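Report on the structure given below.
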Amino acid sequence: MAGGGGGGGGDGDRRYSCRTASETLEWIHGIIDFLKRYRFFLDAHVVNFYKDRLWEAVDGEWMDCLRREPVDKLMQIPSGVVQDHWPASLKEYVLTVRSLSLPRNQADMQKIEALAAVIGSIARRVGADTVVDVGSGQGYLSQVLSFEHGLSVIAIDASSHHGSITDARAKRIEKYYAAKLCKSRLQNKCFSKPRTVTCQVLSPAMLKDVSSSLVQVDDLDKPSIIRGQAEKKSLEETNGSKSPSSLKGNANSSLVLAGLHACGDLSVTMLRTFMECDEVKAVISIGCCYNLLSEDDTAEADNLYGFPMSKGTKSASFRLGRNARDLACQSPDRWRTLGEAAGLHNFELHAFRASFQMVLFRYYPEAIFRNPSIGRQGKAIRRQHNRRIMVLDADSIDSAESFSQKNCSTWARNHLINEPYSYPESSNEESHDVGRYSMFVKFCKSGLDRLELNDSQDIEYSSVWRETEEFSGLVGPYWTLRAALGPILETLLLLDRLLYLQEQSNVLSEAVMVPLFDPILSPRNVALIARKI
């Protein structure tokens, strides 16, 4: 638990904590001071690996060492694992990242059940009448809270489709529980279905108005399911002519705000609502989609950007940027569990995408400025390629056999990590349906098609391949070194949110951070929990 205890995860090298605002701010400053030294990683976009020669910003001794490392060792770098024979400065980099990052070891609980149990406990502790599930999705958490914990739940989500799914499932569950209670002769025991609201929450004031309005609906025993197009009009179309701001809930009502993976600014909106709304007595927030956070680098205290939230972080005048926020969403715990073949496959796709960027830069420069995204084309091509290999005669396709599960590790280590691939000199490269060069051409053609660009006959794929393949062995080391910063960036975002609450400690009873889930199953596993006095 962080916030109520140390900042470590069982590692003796952790020296930061976040029990108080001053300790949290010290941790934040430690992270920012470290990140400033590696700004080139934060600003880098890996698709420009070849175009901008990104590896040249990294210590050459590090790259020379890591390009000879087995893939499984590279994939452990983001989790803070070092090797004895590495240069001292490289080991210091990896270990410092680990010491500055929040621990992720899960408490011994199941995912939704764990969160629901925590929310139920908090609701009872603060005497809350209602739980508002913010960004409820398809209502899994809402239904567990309602049927298993007997709580009154309002499920708010921007998608009406999600609300319909929640309602339909709740009806089925209700029948099951009714039959169960009848069998056990507990007919007098009450439970309620979650009430669903389609509403795009744009501000703390809006979330406060929606919540307060629904509490009044509850008090007046109004219909349980409310629909509306939300933005500024929110519930105006569903509750009559009164606007939400004109509705006041029961003065004795109390709410708990809960959010399981509330995306982007929605998580910080929950925290602001918690501080600004007297009826909200507690908040349990697990954020997600940091890439969607709004950001400002000014030191003004009254802006409502997603980062930074706290006055202390704002005073540091440190800006993350879109690429760094993307990086904060990465999952080192999942990479650590990948096999060598899967790790090599990931490196190869990054190499293909970076080479394709060179094709765009050389032949379609106008497309670069549109920040092109080609989706997951590389993985689809790889699956098609592997299926083709399975039906070919292994004796006649030695190069293709290297892509099989049996030989993938040896082949890829030799070609992707250590040596450039021997591509065909023929002018008819497209006819080669095996080998990495052939796959690269297919990758490019698929990418051009996705971007609705014509595949020009003038494109010299072999020229781009020669130019980039020479440095392909550096892609894996660079990618893992940069990815190692993911946990420390997420830590910075979470500590900023915690500090925002701690700076208003005069109204808080507690504010802690707890890793509730298995980080492999749910990489965003840290819950920020706060209660008012």
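To be explicit about the labels: the chains of the structure tokens are called A, B, and onward in the order shown, and within each one the residues are counted from 1, while ligands get numbers from 1 in the order they are shown.
In the backbone-derived DSSP annotation, strand (DSSP E or B) within segment 441-515 of chain A comprises A:Leu508, A:Ser509, A:Glu510, A:Ala511, A:Val512, A:Met513, A:Val514, A:Pro515.
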All residues 9 Å or closer to Glu460 of chain A, only C-alpha atoms, same chain fewer than 4 positions away omitted, as number ranges by chain
A: 359, 464-465
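Residues with any atom within 12 Å of Gln83 of chain A, counting only C-alpha atoms and excluding same-chain neighbours fewer than 3 positions away, are Cys65, Leu66, Glu69, Pro70, Asp72, Lys73, Leu74, Gln76, Ile77, Gly80, Trp86, Pro87, Ala88, Leu90, Lys91, Glu92, Val94 and Leu95 of chain A.
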Could you write out that same residue set with N, CA and C atoms as a short mmCIF file (atom, residue, chain, number, x, y, z; two decimals), in the first residue's frame?
data_model
loop_
_atom_site.label_atom_id
_atom_site.label_comp_id
_atom_site.auth_asym_id
_atom_site.auth_seq_id
_atom_site.Cartn_x
_atom_site.Cartn_y
_atom_site.Cartn_z
N CYS A 65 26.29 -3.42 -25.89
CA CYS A 65 26.10 -4.51 -24.95
C CYS A 65 24.76 -5.21 -25.19
N LEU A 66 23.70 -4.44 -25.32
CA LEU A 66 22.35 -5.01 -25.38
C LEU A 66 22.04 -5.69 -26.71
N GLU A 69 22.49 -9.27 -26.31
CA GLU A 69 21.75 -9.95 -25.25
C GLU A 69 20.63 -10.83 -25.81
N PRO A 70 20.36 -11.98 -25.17
CA PRO A 70 19.19 -12.78 -25.55
C PRO A 70 17.91 -11.97 -25.37
N ASP A 72 15.03 -12.74 -24.17
CA ASP A 72 14.33 -12.84 -22.89
C ASP A 72 14.93 -11.89 -21.86
N LYS A 73 16.24 -11.62 -21.94
CA LYS A 73 16.86 -10.67 -21.02
C LYS A 73 16.45 -9.24 -21.36
N LEU A 74 16.33 -8.95 -22.64
CA LEU A 74 15.88 -7.61 -23.04
C LEU A 74 14.46 -7.35 -22.54
N GLN A 76 13.06 -8.26 -19.97
CA GLN A 76 12.98 -8.07 -18.52
C GLN A 76 13.42 -6.67 -18.09
N ILE A 77 14.01 -5.92 -19.00
CA ILE A 77 14.52 -4.59 -18.63
C ILE A 77 13.40 -3.69 -18.09
N GLY A 80 12.80 -3.95 -14.47
CA GLY A 80 13.87 -3.61 -13.54
C GLY A 80 14.90 -4.68 -13.30
N TRP A 86 26.65 -6.12 -17.39
CA TRP A 86 26.31 -4.87 -18.05
C TRP A 86 27.18 -3.72 -17.54
N PRO A 87 27.33 -2.66 -18.35
CA PRO A 87 28.04 -1.47 -17.86
C PRO A 87 27.35 -0.90 -16.62
N ALA A 88 28.14 -0.33 -15.74
CA ALA A 88 27.60 0.18 -14.47
C ALA A 88 26.53 1.24 -14.70
N LEU A 90 24.48 1.52 -17.20
CA LEU A 90 23.25 0.89 -17.68
C LEU A 90 22.49 0.26 -16.52
N LYS A 91 23.21 -0.42 -15.65
CA LYS A 91 22.55 -1.02 -14.48
C LYS A 91 21.94 0.07 -13.60
N GLU A 92 22.65 1.18 -13.45
CA GLU A 92 22.13 2.28 -12.64
C GLU A 92 20.83 2.83 -13.22
N VAL A 94 18.52 1.25 -15.10
CA VAL A 94 17.41 0.31 -14.91
C VAL A 94 17.00 0.24 -13.44
N LEU A 95 17.97 0.20 -12.54
CA LEU A 95 17.65 0.08 -11.11
C LEU A 95 17.04 1.36 -10.56
#
Can you pull out every residue within 7 Å of segment 342-347 of chain A, counting only C-alpha atoms, but drop anything in the same chain fewer than 6 positions away, and send it as a list in words?
Val71, Met75, Ala412, Val475 and Gly476 of chain A
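For the pair atom CA of Cys263 of chain A and atom CA of Leu292 of chain A, the separation is 7.3 Å.
Taking atom CA of Gln143 of chain A as the reference point, atom CA of Ile119 of chain A is found at 12.7 Å.
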Quick one: everything within 8 Å of Glu503 of chain A, counting only C-alpha atoms, minus sequence neighbours fewer than 2 positions away in the same chain. Send it as a list of chain:residue names.
A:Ala21, A:Ser310, A:Lys311, A:Leu499, A:Tyr500, A:Leu501, A:Ser505
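The nearest approach to Ser253 of chain A among the residues A:Val131, A:Leu54, A:Ala530, A:Asp43, with only C-alpha atoms taken into account, belongs to A:Val131.
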Residues within 12 Å of Gly120 of chain A, only C-alpha atoms, excluding chain neighbours under 4 positions, as a PyMOL selection string
chain A and resi 112-116+124-131+141-142+144-153+255-258+282-284
